[in-house]
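Please read the structure below before turning to the comments.
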Amino acid sequence: MNTATVHTEPARERFVGVPFYIFITLLLGGMALTNAALTWRNGNAALIAPGLLLFAGHIGLYWVNLHRYAGRRWWLLYAAAQAALIVALTLLPYGSGANATLAVTLCLSQVGEALGLWGNTRRALWLGIFYSGLLALLLVRLVPQDQLLTALSGILINGGFLVLLMVMFNQQLAERQKAEELAETLESANAQLAAYAAQNAALTLQAERQRMARELHDTLAQGVAGLVLQLEAVKAHLAAGRTERAATIVEQALARARSTLAESRAAIDALRAAPTDLNAAIHERAERFAQATGIPCTAEVTAGTGLAALAGEGAAHLLAVLDEALANAARHAAATQVTVHLAPGDGAVVLTVTDNGRGFDPEDAPAAGHYGLIGMRERARLSGGSLDVASAPGQGTTVRYVVPAGDEAHAGAE
């Protein structure tokens, strides 16, 4: 038994304490019978019954205390009652030195019980001092003066040894409980870490799904959509008898199909590479858009804006946003003019794509299967930049994408 588990595991403490109380019951019961015999021999038969009743009350209080010791005021009443019973028992006329032996046994039993119930605590210390003082007073009265010093020395040595064993035993129990509590804490921490790991794995999987959705949209979906536009243009030119123009667009469609295939493989392998010349990539996309759709597209790149100003991921996100903005202008806006402008900003690069199409309400939720605007916003978030879409029905659309350049791009993405 120890202090730390008194309140947390009372059932276990009672179980551990039962052997001690059984031992005390047998010990004191034997002493009660022995002292009763001594009383009979001394011709004090009338005191046998009171003595046995006192022993029974003393032993009974032990068992009551086993169940009630945790009460705030009970232990004070218990200590006083046991002290009174000890005094009464040791004052009965047993003779032959039995009184002193009984006093030592009863007081040391109380000290042992205090250490067992309360462990190495201040309460156990005060109870030990109390019963030790009581024992000293009883020995002063029961032991002759010439034998008192010898008796006290023997009791101090033997009793001190027993108390030291109890203290060491309590310390071992306390250390064992600390180890058990630490093991439980570690087990709980491991369970929490496992839960966090599972949650992190789920979030990682979700992020990977979103990334793959963006890559598929920006490669396969846009590539196929461009091919559809080019094939529709071929169909229109053939219907008008412009076979040479149709043949040119077919060649462009083949080139786009090969490019889409290459980009799709790169996306699947997660090895997409940034272009080597951002200025050229901007003009190339604008020209290809104009040839595929027949919609005039003007590209303007302000001097000083180049690939070196962006991290590789930043350039890839910028071009993906440009492709999506141009695709939306062709598919949904019914525009007759598109302008692309790339310019340096304050530690950033600003891409602006403007069309004069029918416009729309940016606050409206996108239709099922249309994830272009969602993908552009996700890219802006991943690059640490911002995306603004200004549009209104009948007033065209302006997409403004700001991406940090250089080290700021990495800092923003984090």
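Each chain in the structure tokens gets a letter, A, B, ..., in the order shown, and its residues are numbered from 1; ligands are numbered from 1 in order too.
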
Spatial neighbours of A:Thr293, max dist 10 Å, only C-alpha atoms, sep filter under 2 positions, as a PDB file with C-alpha atoms, in the first residue's frame:
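As written to disk, selection_31.pdb reads:
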ATOM      1  CA  GLY A 226      -7.957  22.373 -77.108  1.00  0.00           C
ATOM      2  CA  LEU A 229     -11.638  23.502 -80.473  1.00  0.00           C
ATOM      3  CA  GLN A 230      -9.075  22.834 -83.210  1.00  0.00           C
ATOM      4  CA  LEU A 231     -11.163  20.040 -84.730  1.00  0.00           C
ATOM      5  CA  GLU A 232     -14.210  22.303 -84.740  1.00  0.00           C
ATOM      6  CA  ALA A 233     -12.119  24.925 -86.530  1.00  0.00           C
ATOM      7  CA  ARG A 288      -1.503  28.856 -80.153  1.00  0.00           C
ATOM      8  CA  PHE A 289      -4.757  30.041 -78.571  1.00  0.00           C
ATOM      9  CA  ALA A 290      -5.361  32.513 -81.402  1.00  0.00           C
ATOM     10  CA  GLN A 291      -4.637  29.926 -84.086  1.00  0.00           C
ATOM     11  CA  ILE A 295      -9.916  34.742 -81.286  1.00  0.00           C
ATOM     12  CA  PRO A 296      -7.275  37.498 -81.430  1.00  0.00           C
ATOM     13  CA  CYS A 297      -4.981  37.237 -78.408  1.00  0.00           C
ATOM     14  CA  ALA A 327      -9.465  27.904 -72.030  1.00  0.00           C
ATOM     15  CA  ALA A 330     -12.653  30.178 -75.443  1.00  0.00           C
ATOM     16  CA  ARG A 331     -15.189  27.734 -73.995  1.00  0.00           C
ATOM     17  CA  THR A 336     -13.778  38.331 -79.520  1.00  0.00           C
TER      18      THR A 336
END

Self-check item: Within 6 Å of stretch 341-353 of chain A using only C-alpha atoms, minus same-chain residues under 2 positions, as number ranges by chain
Solution: A: 299-302, 305, 339, 398-405

Using only C-alpha atoms, which residues sit within 7 Å of stretch 108-115 of chain A once same-chain residues fewer than 4 positions away are excluded, as an mmCIF file with N, CA and C atoms, in the first residue's frame?
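Output below, filename selection.cif:
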data_model
loop_
_atom_site.group_PDB
_atom_site.id
_atom_site.type_symbol
_atom_site.label_atom_id
_atom_site.label_comp_id
_atom_site.auth_asym_id
_atom_site.auth_seq_id
_atom_site.Cartn_x
_atom_site.Cartn_y
_atom_site.Cartn_z
ATOM 1 N N VAL A 104 4.797 -2.524 23.479
ATOM 2 C CA VAL A 104 5.675 -2.432 22.299
ATOM 3 C C VAL A 104 4.960 -2.989 21.069
ATOM 4 N N GLY A 119 1.797 5.440 3.404
ATOM 5 C CA GLY A 119 3.089 5.499 2.737
ATOM 6 C C GLY A 119 4.043 6.451 3.444
ATOM 7 N N ASN A 120 5.059 6.894 2.706
ATOM 8 C CA ASN A 120 6.056 7.802 3.284
ATOM 9 C C ASN A 120 5.555 9.240 3.180
ATOM 10 N N ALA A 124 1.728 9.909 7.913
ATOM 11 C CA ALA A 124 2.315 8.714 8.517
ATOM 12 C C ALA A 124 3.411 9.090 9.514
ATOM 13 N N LEU A 127 1.720 10.288 12.743
ATOM 14 C CA LEU A 127 1.156 9.146 13.471
ATOM 15 C C LEU A 127 2.263 8.317 14.114
ATOM 16 N N GLY A 128 3.382 8.142 13.391
ATOM 17 C CA GLY A 128 4.500 7.402 13.970
ATOM 18 C C GLY A 128 5.061 8.088 15.199
ATOM 19 N N TYR A 131 2.486 7.569 18.170
ATOM 20 C CA TYR A 131 2.501 6.255 18.807
ATOM 21 C C TYR A 131 3.850 5.967 19.459
ATOM 22 N N MET A 166 9.874 -0.809 6.338
ATOM 23 C CA MET A 166 8.592 -0.346 5.804
ATOM 24 C C MET A 166 8.772 0.856 4.892
#

Exercise. For A:Gly396, list every protein, DNA or RNA residue within 8 Å, evaluated using only C-alpha atoms, and leave out those in the same chain fewer than 3 positions away; present the list as number ranges by chain.
Key: A: 333, 335, 354-360, 391-393

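Taking atom CA of A:Val250 and atom CA of A:Ala225 as the two end points, the separation is 14.7 Å.
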